[in-house]
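J.: File name work_39.txt; file contents compact mmCIF, N, CA and C atoms; full text below.
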# COMPACT_ATOMS: atom_id res chain seq x y z
N MET A 1 0.84 -1.18 0.00
CA MET A 1 0.00 0.00 0.00
C MET A 1 0.89 1.24 0.00
N LEU A 2 0.55 2.18 -0.87
CA LEU A 2 1.32 3.42 -0.99
C LEU A 2 0.94 4.37 0.14
N ILE A 3 1.93 4.74 0.92
CA ILE A 3 1.71 5.66 2.04
C ILE A 3 1.94 7.09 1.60
N GLU A 4 3.11 7.34 0.97
CA GLU A 4 3.45 8.69 0.55
C GLU A 4 4.26 8.61 -0.74
N TRP A 5 3.99 9.53 -1.63
CA TRP A 5 4.71 9.57 -2.91
C TRP A 5 5.11 11.02 -3.18
N ARG A 6 6.37 11.21 -3.51
CA ARG A 6 6.86 12.55 -3.83
C ARG A 6 7.67 12.48 -5.11
N LEU A 7 7.44 13.43 -5.96
CA LEU A 7 8.19 13.53 -7.21
C LEU A 7 9.53 14.17 -6.91
N ASP A 8 10.59 13.52 -7.33
CA ASP A 8 11.94 14.05 -7.15
C ASP A 8 12.22 15.03 -8.29
N THR A 9 11.79 16.27 -8.14
CA THR A 9 11.92 17.25 -9.22
C THR A 9 13.37 17.52 -9.58
N ALA A 10 14.24 17.50 -8.61
CA ALA A 10 15.66 17.71 -8.91
C ALA A 10 16.19 16.55 -9.75
N GLY A 11 15.76 15.34 -9.43
CA GLY A 11 16.19 14.18 -10.20
C GLY A 11 15.64 14.20 -11.63
N VAL A 12 14.37 14.59 -11.77
CA VAL A 12 13.77 14.71 -13.10
C VAL A 12 14.50 15.78 -13.91
N ARG A 13 14.79 16.90 -13.30
CA ARG A 13 15.52 17.98 -13.97
C ARG A 13 16.88 17.49 -14.45
N GLU A 14 17.56 16.73 -13.59
CA GLU A 14 18.88 16.20 -13.94
C GLU A 14 18.79 15.27 -15.15
N ILE A 15 17.77 14.44 -15.20
CA ILE A 15 17.58 13.53 -16.33
C ILE A 15 17.28 14.30 -17.60
N LEU A 16 16.36 15.27 -17.52
CA LEU A 16 15.97 16.05 -18.70
C LEU A 16 17.11 16.88 -19.27
N LYS A 17 18.05 17.27 -18.43
CA LYS A 17 19.21 18.04 -18.90
C LYS A 17 20.41 17.15 -19.21
N GLY A 18 20.25 15.85 -19.03
CA GLY A 18 21.37 14.92 -19.16
C GLY A 18 21.72 14.55 -20.60
N ASP A 19 22.81 13.82 -20.71
CA ASP A 19 23.35 13.42 -22.01
C ASP A 19 22.41 12.50 -22.79
N GLU A 20 21.70 11.61 -22.10
CA GLU A 20 20.82 10.67 -22.81
C GLU A 20 19.67 11.40 -23.49
N VAL A 21 19.05 12.34 -22.79
CA VAL A 21 17.97 13.12 -23.40
C VAL A 21 18.52 14.01 -24.50
N ARG A 22 19.68 14.61 -24.29
CA ARG A 22 20.33 15.44 -25.32
C ARG A 22 20.54 14.62 -26.59
N SER A 23 21.04 13.41 -26.43
CA SER A 23 21.29 12.54 -27.57
C SER A 23 19.99 12.18 -28.29
N LEU A 24 18.95 11.88 -27.54
CA LEU A 24 17.64 11.56 -28.12
C LEU A 24 17.09 12.75 -28.90
N ILE A 25 17.12 13.93 -28.31
CA ILE A 25 16.60 15.14 -28.95
C ILE A 25 17.40 15.47 -30.20
N ASP A 26 18.72 15.42 -30.10
CA ASP A 26 19.57 15.71 -31.26
C ASP A 26 19.32 14.71 -32.39
N GLY A 27 19.11 13.46 -32.03
CA GLY A 27 18.82 12.45 -33.05
C GLY A 27 17.50 12.71 -33.76
N LEU A 28 16.47 13.05 -32.99
CA LEU A 28 15.17 13.36 -33.60
C LEU A 28 15.25 14.62 -34.46
N ALA A 29 15.96 15.63 -33.98
CA ALA A 29 16.12 16.85 -34.78
C ALA A 29 16.88 16.55 -36.07
N GLY A 30 17.86 15.66 -36.00
CA GLY A 30 18.58 15.25 -37.20
C GLY A 30 17.67 14.55 -38.19
N GLN A 31 16.73 13.75 -37.70
CA GLN A 31 15.75 13.11 -38.57
C GLN A 31 14.87 14.15 -39.24
N VAL A 32 14.47 15.18 -38.49
CA VAL A 32 13.65 16.24 -39.06
C VAL A 32 14.43 16.95 -40.16
N VAL A 33 15.71 17.24 -39.92
CA VAL A 33 16.56 17.87 -40.94
C VAL A 33 16.58 17.02 -42.21
N ASP A 34 16.83 15.72 -42.04
CA ASP A 34 16.87 14.82 -43.20
C ASP A 34 15.53 14.80 -43.93
N ASN A 35 14.43 14.80 -43.18
CA ASN A 35 13.10 14.79 -43.79
C ASN A 35 12.81 16.09 -44.55
N VAL A 36 13.25 17.23 -43.98
CA VAL A 36 13.05 18.51 -44.66
C VAL A 36 13.83 18.52 -45.98
N LYS A 37 15.04 17.97 -45.95
CA LYS A 37 15.86 17.96 -47.17
C LYS A 37 15.15 17.28 -48.33
N SER A 38 14.31 16.29 -48.02
CA SER A 38 13.59 15.60 -49.08
C SER A 38 12.40 16.40 -49.59
N LEU A 39 12.05 17.50 -48.90
CA LEU A 39 10.87 18.29 -49.27
C LEU A 39 11.19 19.64 -49.89
N VAL A 40 12.46 20.02 -49.89
CA VAL A 40 12.87 21.33 -50.43
C VAL A 40 13.88 21.13 -51.56
N PRO A 41 14.10 22.16 -52.36
CA PRO A 41 15.07 22.03 -53.46
C PRO A 41 16.47 21.64 -52.95
N ALA A 42 17.16 20.84 -53.73
CA ALA A 42 18.53 20.43 -53.39
C ALA A 42 19.40 21.66 -53.16
N GLY A 43 20.27 21.57 -52.18
CA GLY A 43 21.17 22.67 -51.88
C GLY A 43 20.63 23.68 -50.88
N THR A 44 19.35 23.53 -50.48
CA THR A 44 18.78 24.43 -49.48
C THR A 44 19.47 24.18 -48.15
N GLU A 45 19.93 25.24 -47.51
CA GLU A 45 20.63 25.11 -46.24
C GLU A 45 19.64 24.91 -45.10
N ILE A 46 19.85 23.85 -44.34
CA ILE A 46 19.01 23.52 -43.19
C ILE A 46 19.92 23.32 -42.01
N GLU A 47 19.57 23.92 -40.89
CA GLU A 47 20.44 23.90 -39.72
C GLU A 47 19.69 23.40 -38.50
N MET A 48 20.33 22.55 -37.71
CA MET A 48 19.80 22.11 -36.44
C MET A 48 20.56 22.84 -35.35
N ARG A 49 19.83 23.49 -34.45
CA ARG A 49 20.44 24.26 -33.38
C ARG A 49 20.02 23.70 -32.01
N PRO A 50 20.91 22.95 -31.36
CA PRO A 50 20.57 22.43 -30.03
C PRO A 50 20.68 23.54 -28.97
N TYR A 51 19.84 23.44 -27.95
CA TYR A 51 19.91 24.37 -26.82
C TYR A 51 19.32 23.68 -25.60
N THR A 52 19.44 24.30 -24.45
CA THR A 52 18.90 23.74 -23.22
C THR A 52 18.12 24.81 -22.48
N THR A 53 16.92 24.44 -22.07
CA THR A 53 16.13 25.30 -21.18
C THR A 53 16.05 24.52 -19.87
N ASP A 54 14.86 24.09 -19.51
CA ASP A 54 14.74 23.19 -18.36
C ASP A 54 14.96 21.74 -18.80
N ARG A 55 15.26 21.57 -20.10
CA ARG A 55 15.53 20.26 -20.68
C ARG A 55 16.27 20.45 -22.00
N GLY A 56 16.80 19.37 -22.55
CA GLY A 56 17.43 19.45 -23.85
C GLY A 56 16.38 19.76 -24.91
N ALA A 57 16.74 20.58 -25.87
CA ALA A 57 15.82 20.98 -26.94
C ALA A 57 16.62 21.28 -28.19
N ALA A 58 15.92 21.44 -29.30
CA ALA A 58 16.58 21.79 -30.56
C ALA A 58 15.57 22.45 -31.48
N THR A 59 16.07 23.31 -32.35
CA THR A 59 15.25 23.89 -33.40
C THR A 59 15.85 23.49 -34.74
N VAL A 60 14.98 23.42 -35.75
CA VAL A 60 15.41 23.16 -37.11
C VAL A 60 15.07 24.41 -37.91
N VAL A 61 16.07 24.96 -38.59
CA VAL A 61 15.92 26.21 -39.32
C VAL A 61 16.20 25.95 -40.80
N VAL A 62 15.26 26.36 -41.64
CA VAL A 62 15.46 26.31 -43.09
C VAL A 62 15.92 27.71 -43.50
N LYS A 63 17.18 27.80 -43.90
CA LYS A 63 17.79 29.10 -44.17
C LYS A 63 17.61 29.48 -45.64
N ASP A 64 16.37 29.81 -45.98
CA ASP A 64 16.02 30.22 -47.33
C ASP A 64 14.91 31.25 -47.23
N PRO A 65 14.95 32.30 -48.04
CA PRO A 65 13.91 33.32 -47.99
C PRO A 65 12.50 32.77 -48.26
N GLN A 66 12.40 31.66 -48.94
CA GLN A 66 11.08 31.09 -49.26
C GLN A 66 10.59 30.07 -48.24
N ALA A 67 11.34 29.85 -47.18
CA ALA A 67 10.99 28.81 -46.21
C ALA A 67 9.61 29.03 -45.59
N MET A 68 9.28 30.25 -45.26
CA MET A 68 7.96 30.53 -44.67
C MET A 68 6.85 30.18 -45.66
N ALA A 69 7.06 30.48 -46.92
CA ALA A 69 6.05 30.14 -47.93
C ALA A 69 5.94 28.63 -48.08
N TRP A 70 7.08 27.92 -48.07
CA TRP A 70 7.04 26.46 -48.18
C TRP A 70 6.29 25.84 -47.01
N GLN A 71 6.50 26.40 -45.81
CA GLN A 71 5.78 25.91 -44.64
C GLN A 71 4.29 26.21 -44.77
N ALA A 72 3.95 27.42 -45.17
CA ALA A 72 2.54 27.80 -45.28
C ALA A 72 1.83 26.98 -46.35
N GLN A 73 2.48 26.75 -47.47
CA GLN A 73 1.84 26.04 -48.59
C GLN A 73 1.87 24.53 -48.43
N ASN A 74 3.00 24.00 -47.98
CA ASN A 74 3.20 22.55 -47.98
C ASN A 74 3.47 21.95 -46.60
N GLY A 75 3.64 22.78 -45.59
CA GLY A 75 3.90 22.28 -44.24
C GLY A 75 5.19 21.49 -44.13
N ILE A 76 6.26 22.01 -44.74
CA ILE A 76 7.51 21.23 -44.79
C ILE A 76 8.02 20.83 -43.42
N LEU A 77 8.00 21.74 -42.46
CA LEU A 77 8.51 21.42 -41.13
C LEU A 77 7.53 20.52 -40.37
N THR A 78 6.25 20.78 -40.51
CA THR A 78 5.23 19.97 -39.85
C THR A 78 5.28 18.54 -40.37
N ARG A 79 5.36 18.38 -41.68
CA ARG A 79 5.43 17.05 -42.28
C ARG A 79 6.73 16.34 -41.90
N ALA A 80 7.83 17.08 -41.90
CA ALA A 80 9.13 16.48 -41.55
C ALA A 80 9.13 16.01 -40.10
N ALA A 81 8.56 16.79 -39.20
CA ALA A 81 8.49 16.40 -37.80
C ALA A 81 7.57 15.19 -37.62
N GLY A 82 6.43 15.20 -38.30
CA GLY A 82 5.51 14.06 -38.22
C GLY A 82 6.14 12.78 -38.73
N SER A 83 6.92 12.88 -39.79
CA SER A 83 7.60 11.71 -40.34
C SER A 83 8.66 11.16 -39.38
N ALA A 84 9.14 12.01 -38.48
CA ALA A 84 10.12 11.58 -37.47
C ALA A 84 9.41 11.05 -36.22
N GLY A 85 8.07 11.01 -36.26
CA GLY A 85 7.31 10.50 -35.13
C GLY A 85 6.98 11.53 -34.08
N LEU A 86 7.17 12.81 -34.40
CA LEU A 86 6.88 13.88 -33.46
C LEU A 86 5.47 14.40 -33.68
N GLU A 87 4.83 14.85 -32.63
CA GLU A 87 3.50 15.42 -32.72
C GLU A 87 3.61 16.93 -32.73
N VAL A 88 2.98 17.56 -33.70
CA VAL A 88 3.03 19.01 -33.81
C VAL A 88 1.66 19.56 -33.41
N LYS A 89 1.67 20.48 -32.46
CA LYS A 89 0.43 21.08 -31.98
C LYS A 89 0.50 22.58 -32.14
N ALA A 90 -0.63 23.18 -32.45
CA ALA A 90 -0.72 24.64 -32.49
C ALA A 90 -0.71 25.16 -31.06
N THR A 91 -0.12 26.34 -30.88
CA THR A 91 -0.11 26.97 -29.56
C THR A 91 -0.92 28.25 -29.61
N ASP A 92 -1.51 28.61 -28.49
CA ASP A 92 -2.21 29.88 -28.40
C ASP A 92 -1.17 30.98 -28.24
N GLN A 93 -1.32 32.02 -29.03
CA GLN A 93 -0.32 33.08 -28.96
C GLN A 93 -0.86 34.32 -28.36
The structure in this file should be written as structure tokens.
T.:
Amino acid sequence: MLIEWRLDTAGVREILKGDEVRSLIDGLAGQVVDNVKSLVPAGTEIEMRPYTTDRGAATVVVKDPQAMAWQAQNGILTRAAGSAGLEVKATDQ
């Protein structure tokens, strides 16, 4: 029988900022980069930028003036993330 349960927030924070999560996030972001490459013209520069907040994170940047139009028309980043098994949700702004 469970008497008391406490979440070890410091331990969770340590895991989320750790090397294993960093490796997982970087790998998924790399998959998104590869998926985007298949959706844009050859030679388009795509960059993965890892960073850390309260956990490991990364952004994928399509460095082309038409990238916003490609996303709006064809959802290149949304489709690339979905193909990597990631769920994309709209946020309230």
J.: List every residue of chain A that DSSP, applied to the backbone, labels as alpha helix (DSSP H), and write the result as a PyMOL selection string.
T.: chain A and resi 9-16+19-37+67-74+76-83
J.: Counting all atoms listed in the file, figure out which residue out of A:Lys37, A:Ala42, A:Glu4, A:Glu47 gets nearest to Lys63 of chain A.
T.: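 Smallest separation from Lys63 of chain A among the options: A:Glu47.
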J.: Please identify all polymer residues within 8 Å of Gly18 of chain A, counting all atoms listed in the file, omitting same-chain residues fewer than 6 positions from it, and present them as a list in words.
T.: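 Returned residues: Val12, Leu24, Asp54, Arg55 and Gly56 of chain A.
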J.: Ranking A:Ile76, A:Asp26, A:Met1, A:Gln71 by minimum distance to Pro50 of chain A and counting all atoms listed in the file, which one comes first?
T.: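 Looking at the shortest contact to Pro50 of chain A, the residue is A:Asp26.
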J.: Nearest to Leu28 of chain A among A:Gly85, A:Leu7, A:Ile46, A:Thr91, with distances taken over all atoms listed in the file: which residue is it?
T.: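 Under the stated criterion, the closest residue is A:Gly85.
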J.: Of the residues A:Leu77, A:Ala84, A:Leu16, A:Ala72, which is the one nearest to Thr53 of chain A, using all atoms listed in the file?
T.: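 That would be A:Leu16, the residue with the smallest distance to Thr53 of chain A.
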J.: Take every atom of segment 43-47 of chain A listed in the file, fit an axis-aligned box around them, add 4 Å per side, and give the centre and edge lengths in Å to one decimal as JSON.
T.:
{"center_x": 20.0, "center_y": 23.4, "center_z": -45.3, "size_x": 10.4, "size_y": 11.7, "size_z": 21.7}
J.: Can you list, as a list in words, all residues belonging to chain A that DSSP tags as strand (DSSP E)?
T.: Ile46, Glu47, Met48, Arg49, Pro50, Tyr51, Thr52, Gly56, Ala57, Ala58, Thr59, Val60, Val61 and Val62 of chain A
J.: Can you write just those residues out, N, CA and C atoms, as a PDB file, in the coordinates of the input?
T.:
ATOM      1  N   ILE A  46      19.850  23.850 -44.340  1.00  0.00           N
ATOM      2  CA  ILE A  46      19.010  23.520 -43.190  1.00  0.00           C
ATOM      3  C   ILE A  46      19.920  23.320 -42.010  1.00  0.00           C
ATOM      4  N   GLU A  47      19.570  23.920 -40.890  1.00  0.00           N
ATOM      5  CA  GLU A  47      20.440  23.900 -39.720  1.00  0.00           C
ATOM      6  C   GLU A  47      19.690  23.400 -38.500  1.00  0.00           C
ATOM      7  N   MET A  48      20.330  22.550 -37.710  1.00  0.00           N
ATOM      8  CA  MET A  48      19.800  22.110 -36.440  1.00  0.00           C
ATOM      9  C   MET A  48      20.560  22.840 -35.350  1.00  0.00           C
ATOM     10  N   ARG A  49      19.830  23.490 -34.450  1.00  0.00           N
ATOM     11  CA  ARG A  49      20.440  24.260 -33.380  1.00  0.00           C
ATOM     12  C   ARG A  49      20.020  23.700 -32.010  1.00  0.00           C
ATOM     13  N   PRO A  50      20.910  22.950 -31.360  1.00  0.00           N
ATOM     14  CA  PRO A  50      20.570  22.430 -30.030  1.00  0.00           C
ATOM     15  C   PRO A  50      20.680  23.540 -28.970  1.00  0.00           C
ATOM     16  N   TYR A  51      19.840  23.440 -27.950  1.00  0.00           N
ATOM     17  CA  TYR A  51      19.910  24.370 -26.820  1.00  0.00           C
ATOM     18  C   TYR A  51      19.320  23.680 -25.600  1.00  0.00           C
ATOM     19  N   THR A  52      19.440  24.300 -24.450  1.00  0.00           N
ATOM     20  CA  THR A  52      18.900  23.740 -23.220  1.00  0.00           C
ATOM     21  C   THR A  52      18.120  24.810 -22.480  1.00  0.00           C
ATOM     22  N   GLY A  56      16.800  19.370 -22.550  1.00  0.00           N
ATOM     23  CA  GLY A  56      17.430  19.450 -23.850  1.00  0.00           C
ATOM     24  C   GLY A  56      16.380  19.760 -24.910  1.00  0.00           C
ATOM     25  N   ALA A  57      16.740  20.580 -25.870  1.00  0.00           N
ATOM     26  CA  ALA A  57      15.820  20.980 -26.940  1.00  0.00           C
ATOM     27  C   ALA A  57      16.620  21.280 -28.190  1.00  0.00           C
ATOM     28  N   ALA A  58      15.920  21.440 -29.300  1.00  0.00           N
ATOM     29  CA  ALA A  58      16.580  21.790 -30.560  1.00  0.00           C
ATOM     30  C   ALA A  58      15.570  22.450 -31.480  1.00  0.00           C
ATOM     31  N   THR A  59      16.070  23.310 -32.350  1.00  0.00           N
ATOM     32  CA  THR A  59      15.250  23.890 -33.400  1.00  0.00           C
ATOM     33  C   THR A  59      15.850  23.490 -34.740  1.00  0.00           C
ATOM     34  N   VAL A  60      14.980  23.420 -35.750  1.00  0.00           N
ATOM     35  CA  VAL A  60      15.410  23.160 -37.110  1.00  0.00           C
ATOM     36  C   VAL A  60      15.070  24.410 -37.910  1.00  0.00           C
ATOM     37  N   VAL A  61      16.070  24.960 -38.590  1.00  0.00           N
ATOM     38  CA  VAL A  61      15.920  26.210 -39.320  1.00  0.00           C
ATOM     39  C   VAL A  61      16.200  25.950 -40.800  1.00  0.00           C
ATOM     40  N   VAL A  62      15.260  26.360 -41.640  1.00  0.00           N
ATOM     41  CA  VAL A  62      15.460  26.310 -43.090  1.00  0.00           C
ATOM     42  C   VAL A  62      15.920  27.710 -43.500  1.00  0.00           C
TER      43      VAL A  62
END
J.: Smallest atom-to-atom distance to Ser83 of chain A: which of A:Ala69, A:Glu45, A:Val33, A:Thr59, using only C-alpha atoms?
T.: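 Of the candidates, the smallest distance to Ser83 of chain A is held by A:Val33.
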J.: Have a look at A:Gln66, A:Thr44, A:Gln31, A:Thr52 and name the one nearest to Ala80 of chain A; count all atoms listed in the file.
T.: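 Counting all atoms listed in the file, the residue closest to Ala80 of chain A is A:Gln31.
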J.: Measure the distance from atom N of Ser23 of chain A to atom N of Tyr51 of chain A in Å and round it to one decimal.
T.: 10.2 Å
J.: Can you measure atom CA of Ala81 of chain A to atom CA of Met68 of chain A for me? One decimal in Å is fine.
T.: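 Pair atom CA of Ala81 of chain A / atom CA of Met68 of chain A returns 15.7 Å.
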J.: Could you tell me how far atom CA of Val60 of chain A lies from atom N of Ala29 of chain A, in Å and to one decimal?
T.: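 If I compute the distance from atom CA of Val60 of chain A to atom N of Ala29 of chain A, I get 8.2 Å.
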J.: N, CA, C and O atoms are what I want for segment 36-61 of chain A; can you complete it accordingly and write them as a PDB file, in the frame of the given file?
T.:
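The resulting out.pdb:
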ATOM      1  N   VAL A  36      13.250  17.230 -43.980  1.00  0.00           N
ATOM      2  CA  VAL A  36      13.050  18.510 -44.660  1.00  0.00           C
ATOM      3  C   VAL A  36      13.830  18.520 -45.980  1.00  0.00           C
ATOM      4  O   VAL A  36      13.329  19.004 -47.001  1.00  0.00           O
ATOM      5  N   LYS A  37      15.040  17.970 -45.950  1.00  0.00           N
ATOM      6  CA  LYS A  37      15.860  17.960 -47.170  1.00  0.00           C
ATOM      7  C   LYS A  37      15.150  17.280 -48.330  1.00  0.00           C
ATOM      8  O   LYS A  37      15.346  17.648 -49.481  1.00  0.00           O
ATOM      9  N   SER A  38      14.310  16.290 -48.020  1.00  0.00           N
ATOM     10  CA  SER A  38      13.590  15.600 -49.080  1.00  0.00           C
ATOM     11  C   SER A  38      12.400  16.400 -49.590  1.00  0.00           C
ATOM     12  O   SER A  38      11.804  16.048 -50.601  1.00  0.00           O
ATOM     13  N   LEU A  39      12.050  17.500 -48.900  1.00  0.00           N
ATOM     14  CA  LEU A  39      10.870  18.290 -49.270  1.00  0.00           C
ATOM     15  C   LEU A  39      11.190  19.640 -49.890  1.00  0.00           C
ATOM     16  O   LEU A  39      10.293  20.334 -50.351  1.00  0.00           O
ATOM     17  N   VAL A  40      12.460  20.020 -49.890  1.00  0.00           N
ATOM     18  CA  VAL A  40      12.870  21.330 -50.430  1.00  0.00           C
ATOM     19  C   VAL A  40      13.880  21.130 -51.560  1.00  0.00           C
ATOM     20  O   VAL A  40      14.438  20.043 -51.707  1.00  0.00           O
ATOM     21  N   PRO A  41      14.100  22.160 -52.360  1.00  0.00           N
ATOM     22  CA  PRO A  41      15.070  22.030 -53.460  1.00  0.00           C
ATOM     23  C   PRO A  41      16.470  21.640 -52.950  1.00  0.00           C
ATOM     24  O   PRO A  41      16.883  22.067 -51.863  1.00  0.00           O
ATOM     25  N   ALA A  42      17.160  20.840 -53.730  1.00  0.00           N
ATOM     26  CA  ALA A  42      18.530  20.430 -53.390  1.00  0.00           C
ATOM     27  C   ALA A  42      19.400  21.660 -53.160  1.00  0.00           C
ATOM     28  O   ALA A  42      19.257  22.662 -53.845  1.00  0.00           O
ATOM     29  N   GLY A  43      20.270  21.570 -52.180  1.00  0.00           N
ATOM     30  CA  GLY A  43      21.170  22.670 -51.880  1.00  0.00           C
ATOM     31  C   GLY A  43      20.630  23.680 -50.880  1.00  0.00           C
ATOM     32  O   GLY A  43      21.343  24.581 -50.461  1.00  0.00           O
ATOM     33  N   THR A  44      19.350  23.530 -50.480  1.00  0.00           N
ATOM     34  CA  THR A  44      18.780  24.430 -49.480  1.00  0.00           C
ATOM     35  C   THR A  44      19.470  24.180 -48.150  1.00  0.00           C
ATOM     36  O   THR A  44      19.601  23.035 -47.713  1.00  0.00           O
ATOM     37  N   GLU A  45      19.930  25.240 -47.510  1.00  0.00           N
ATOM     38  CA  GLU A  45      20.630  25.110 -46.240  1.00  0.00           C
ATOM     39  C   GLU A  45      19.640  24.910 -45.100  1.00  0.00           C
ATOM     40  O   GLU A  45      18.698  25.688 -44.937  1.00  0.00           O
ATOM     41  N   ILE A  46      19.850  23.850 -44.340  1.00  0.00           N
ATOM     42  CA  ILE A  46      19.010  23.520 -43.190  1.00  0.00           C
ATOM     43  C   ILE A  46      19.920  23.320 -42.010  1.00  0.00           C
ATOM     44  O   ILE A  46      20.931  22.620 -42.106  1.00  0.00           O
ATOM     45  N   GLU A  47      19.570  23.920 -40.890  1.00  0.00           N
ATOM     46  CA  GLU A  47      20.440  23.900 -39.720  1.00  0.00           C
ATOM     47  C   GLU A  47      19.690  23.400 -38.500  1.00  0.00           C
ATOM     48  O   GLU A  47      18.535  23.773 -38.287  1.00  0.00           O
ATOM     49  N   MET A  48      20.330  22.550 -37.710  1.00  0.00           N
ATOM     50  CA  MET A  48      19.800  22.110 -36.440  1.00  0.00           C
ATOM     51  C   MET A  48      20.560  22.840 -35.350  1.00  0.00           C
ATOM     52  O   MET A  48      21.791  22.853 -35.351  1.00  0.00           O
ATOM     53  N   ARG A  49      19.830  23.490 -34.450  1.00  0.00           N
ATOM     54  CA  ARG A  49      20.440  24.260 -33.380  1.00  0.00           C
ATOM     55  C   ARG A  49      20.020  23.700 -32.010  1.00  0.00           C
ATOM     56  O   ARG A  49      18.904  23.929 -31.560  1.00  0.00           O
ATOM     57  N   PRO A  50      20.910  22.950 -31.360  1.00  0.00           N
ATOM     58  CA  PRO A  50      20.570  22.430 -30.030  1.00  0.00           C
ATOM     59  C   PRO A  50      20.680  23.540 -28.970  1.00  0.00           C
ATOM     60  O   PRO A  50      21.477  24.456 -29.108  1.00  0.00           O
ATOM     61  N   TYR A  51      19.840  23.440 -27.950  1.00  0.00           N
ATOM     62  CA  TYR A  51      19.910  24.370 -26.820  1.00  0.00           C
ATOM     63  C   TYR A  51      19.320  23.680 -25.600  1.00  0.00           C
ATOM     64  O   TYR A  51      18.764  22.585 -25.701  1.00  0.00           O
ATOM     65  N   THR A  52      19.440  24.300 -24.450  1.00  0.00           N
ATOM     66  CA  THR A  52      18.900  23.740 -23.220  1.00  0.00           C
ATOM     67  C   THR A  52      18.120  24.810 -22.480  1.00  0.00           C
ATOM     68  O   THR A  52      18.588  25.933 -22.331  1.00  0.00           O
ATOM     69  N   THR A  53      16.920  24.440 -22.070  1.00  0.00           N
ATOM     70  CA  THR A  53      16.130  25.300 -21.180  1.00  0.00           C
ATOM     71  C   THR A  53      16.050  24.520 -19.870  1.00  0.00           C
ATOM     72  O   THR A  53      17.074  24.274 -19.257  1.00  0.00           O
ATOM     73  N   ASP A  54      14.860  24.090 -19.510  1.00  0.00           N
ATOM     74  CA  ASP A  54      14.740  23.190 -18.360  1.00  0.00           C
ATOM     75  C   ASP A  54      14.960  21.740 -18.800  1.00  0.00           C
ATOM     76  O   ASP A  54      14.878  20.822 -18.008  1.00  0.00           O
ATOM     77  N   ARG A  55      15.260  21.570 -20.100  1.00  0.00           N
ATOM     78  CA  ARG A  55      15.530  20.260 -20.680  1.00  0.00           C
ATOM     79  C   ARG A  55      16.270  20.450 -22.000  1.00  0.00           C
ATOM     80  O   ARG A  55      16.345  21.566 -22.511  1.00  0.00           O
ATOM     81  N   GLY A  56      16.800  19.370 -22.550  1.00  0.00           N
ATOM     82  CA  GLY A  56      17.430  19.450 -23.850  1.00  0.00           C
ATOM     83  C   GLY A  56      16.380  19.760 -24.910  1.00  0.00           C
ATOM     84  O   GLY A  56      15.255  19.270 -24.849  1.00  0.00           O
ATOM     85  N   ALA A  57      16.740  20.580 -25.870  1.00  0.00           N
ATOM     86  CA  ALA A  57      15.820  20.980 -26.940  1.00  0.00           C
ATOM     87  C   ALA A  57      16.620  21.280 -28.190  1.00  0.00           C
ATOM     88  O   ALA A  57      17.849  21.362 -28.161  1.00  0.00           O
ATOM     89  N   ALA A  58      15.920  21.440 -29.300  1.00  0.00           N
ATOM     90  CA  ALA A  58      16.580  21.790 -30.560  1.00  0.00           C
ATOM     91  C   ALA A  58      15.570  22.450 -31.480  1.00  0.00           C
ATOM     92  O   ALA A  58      14.370  22.177 -31.402  1.00  0.00           O
ATOM     93  N   THR A  59      16.070  23.310 -32.350  1.00  0.00           N
ATOM     94  CA  THR A  59      15.250  23.890 -33.400  1.00  0.00           C
ATOM     95  C   THR A  59      15.850  23.490 -34.740  1.00  0.00           C
ATOM     96  O   THR A  59      17.044  23.246 -34.854  1.00  0.00           O
ATOM     97  N   VAL A  60      14.980  23.420 -35.750  1.00  0.00           N
ATOM     98  CA  VAL A  60      15.410  23.160 -37.110  1.00  0.00           C
ATOM     99  C   VAL A  60      15.070  24.410 -37.910  1.00  0.00           C
ATOM    100  O   VAL A  60      13.932  24.884 -37.896  1.00  0.00           O
ATOM    101  N   VAL A  61      16.070  24.960 -38.590  1.00  0.00           N
ATOM    102  CA  VAL A  61      15.920  26.210 -39.320  1.00  0.00           C
ATOM    103  C   VAL A  61      16.200  25.950 -40.800  1.00  0.00           C
ATOM    104  O   VAL A  61      17.237  25.391 -41.149  1.00  0.00           O
TER     105      VAL A  61
END
